[in-house]
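Structure data follow from data_14.txt (compact mmCIF, C-alpha atoms):
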# COMPACT_ATOMS: atom_id res chain seq x y z
CA MET A 605 0.00 0.00 0.00
CA ASN A 606 1.25 3.44 -0.85
CA SER A 607 1.36 6.47 1.40
CA LEU A 608 -1.06 9.38 1.56
CA ASN A 609 1.33 11.38 -0.60
CA GLU A 610 3.40 10.01 -3.46
CA GLU A 611 6.43 11.91 -2.13
CA CYS A 612 6.28 9.80 1.06
CA ASN A 613 6.16 6.40 -0.68
CA ASP A 614 9.89 5.68 -0.55
CA LEU A 615 10.05 6.52 3.15
CA LYS A 616 6.97 4.40 3.83
CA HIS A 617 8.35 1.36 2.01
CA GLU A 618 11.73 1.76 3.71
CA TYR A 619 10.08 2.02 7.13
CA ASP A 620 7.75 -0.95 6.42
CA ALA A 621 10.73 -3.11 5.48
CA CYS A 622 12.65 -2.02 8.58
CA PHE A 623 9.66 -2.65 10.85
CA ASN A 624 8.91 -6.08 9.38
CA SER A 625 12.53 -7.11 9.75
CA TRP A 626 12.75 -5.75 13.31
CA PHE A 627 9.49 -7.38 14.34
CA SER A 628 10.31 -10.85 13.04
CA GLU A 629 14.05 -10.93 13.72
CA LYS A 630 14.27 -8.99 16.98
CA PHE A 631 10.99 -8.23 18.74
CA LEU A 632 9.63 -11.78 18.58
CA LYS A 633 12.92 -12.94 20.11
CA GLY A 634 12.66 -10.48 23.00
CA ASP A 635 14.79 -7.60 21.71
CA THR A 636 12.68 -4.45 22.02
CA THR A 637 15.47 -2.06 20.99
CA ASP A 638 14.06 0.66 18.72
CA SER A 639 15.94 0.26 15.45
CA CYS A 640 13.44 1.93 13.10
CA GLY A 641 12.54 5.03 15.11
CA GLU A 642 14.43 7.54 13.00
CA LEU A 643 12.86 6.21 9.79
CA PHE A 644 9.43 6.36 11.42
CA ARG A 645 9.93 9.99 12.48
CA LYS A 646 10.98 10.98 8.95
CA TYR A 647 7.99 9.20 7.43
CA GLN A 648 5.64 10.67 10.04
CA GLN A 649 6.88 14.20 9.27
CA CYS A 650 6.39 13.62 5.55
CA VAL A 651 2.79 12.48 6.15
CA LYS A 652 2.08 15.41 8.48
CA ASN A 653 3.34 17.80 5.79
CA ALA A 654 1.13 16.08 3.20
CA ILE A 655 -1.90 16.36 5.49
CA LYS A 656 -1.17 20.05 6.03
CA ASP A 657 -0.72 20.59 2.27
CA LYS A 658 -4.17 19.05 1.71
CA GLY A 659 -5.68 21.63 4.08
CA ILE A 660 -6.55 19.12 6.80
CA ASP A 661 -6.46 20.51 10.34
CA MET A 662 -3.78 18.56 12.29
CA GLU A 663 -5.33 19.61 15.61
CA GLU A 664 -8.54 17.88 14.55
CA VAL A 665 -6.63 14.79 13.42
CA GLU A 666 -4.74 14.55 16.73
CA ARG A 667 -7.73 15.42 18.95
CA VAL A 668 -8.41 12.76 21.58
CA VAL A 669 -12.03 11.61 21.42
CA ILE A 670 -12.12 8.06 22.76
CA GLY A 671 -13.03 8.00 26.43
CA THR A 672 -14.31 11.59 26.46
CA GLU A 673 -17.77 13.13 26.22
CA SER A 674 -17.01 13.98 22.58
CA GLU A 675 -17.03 10.26 21.80
CA LYS A 676 -20.75 10.13 22.53
CA GLN A 677 -21.66 13.15 20.38
CA PRO A 678 -22.66 13.12 16.72
CA PRO A 679 -20.06 14.64 14.37
CA GLU A 680 -20.17 18.42 13.92
CA GLN A 681 -21.55 19.50 10.58
Turn this file's structure into structure tokens for me.
Amino acid sequence: MNSLNEECNDLKHEYDACFNSWFSEKFLKGDTTDSCGELFRKYQQCVKNAIKDKGIDMEEVERVVIGTESEKQPPEQ
């Protein structure tokens, strides 16, 4: 699957490969050392920039709803 933005695809695929390797070769054997964190941060920043470029409000994206009164309210229109 590709990323939200074509410009982020290479970072996404690189991170996916790193994560899959880490998960199967390290995490499942008990090694929880973060070896893909820097790649994830770069990919995350690319996606956040793409979201911003599309005019989507990041505060709304990151707003915590689950477990709050807002969770029980219909979406604002």
Counting all atoms listed in the file, what is within 10 Å of Phe623 (chain A), bar same-chain residues fewer than 2 positions away, as a JSON list (two decimals) with C-alpha atoms, in the coordinates of the input?
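Final output, out_21.json:
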[["chain", "number", "residue", "atom", "x", "y", "z"],
["A", 617, "HIS", "CA", 8.35, 1.36, 2.01],
["A", 618, "GLU", "CA", 11.73, 1.76, 3.71],
["A", 619, "TYR", "CA", 10.08, 2.02, 7.13],
["A", 620, "ASP", "CA", 7.75, -0.95, 6.42],
["A", 621, "ALA", "CA", 10.73, -3.11, 5.48],
["A", 625, "SER", "CA", 12.53, -7.11, 9.75],
["A", 626, "TRP", "CA", 12.75, -5.75, 13.31],
["A", 627, "PHE", "CA", 9.49, -7.38, 14.34],
["A", 628, "SER", "CA", 10.31, -10.85, 13.04],
["A", 629, "GLU", "CA", 14.05, -10.93, 13.72],
["A", 630, "LYS", "CA", 14.27, -8.99, 16.98],
["A", 631, "PHE", "CA", 10.99, -8.23, 18.74],
["A", 638, "ASP", "CA", 14.06, 0.66, 18.72],
["A", 639, "SER", "CA", 15.94, 0.26, 15.45],
["A", 640, "CYS", "CA", 13.44, 1.93, 13.10],
["A", 641, "GLY", "CA", 12.54, 5.03, 15.11],
["A", 643, "LEU", "CA", 12.86, 6.21, 9.79],
["A", 644, "PHE", "CA", 9.43, 6.36, 11.42]]
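Using only C-alpha atoms, the shortest contact distance between Glu642 (chain A) and any of A:Cys622, A:Asn613, A:Gly671, A:Glu664 is found at A:Cys622.
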For CA of Tyr647 (chain A) and CA of Glu610 (chain A), the interatomic separation in Å (one decimal): 11.8 Å
Between CA of Leu615 (chain A) and CA of Lys656 (chain A), distance in Å (one decimal): 17.8 Å
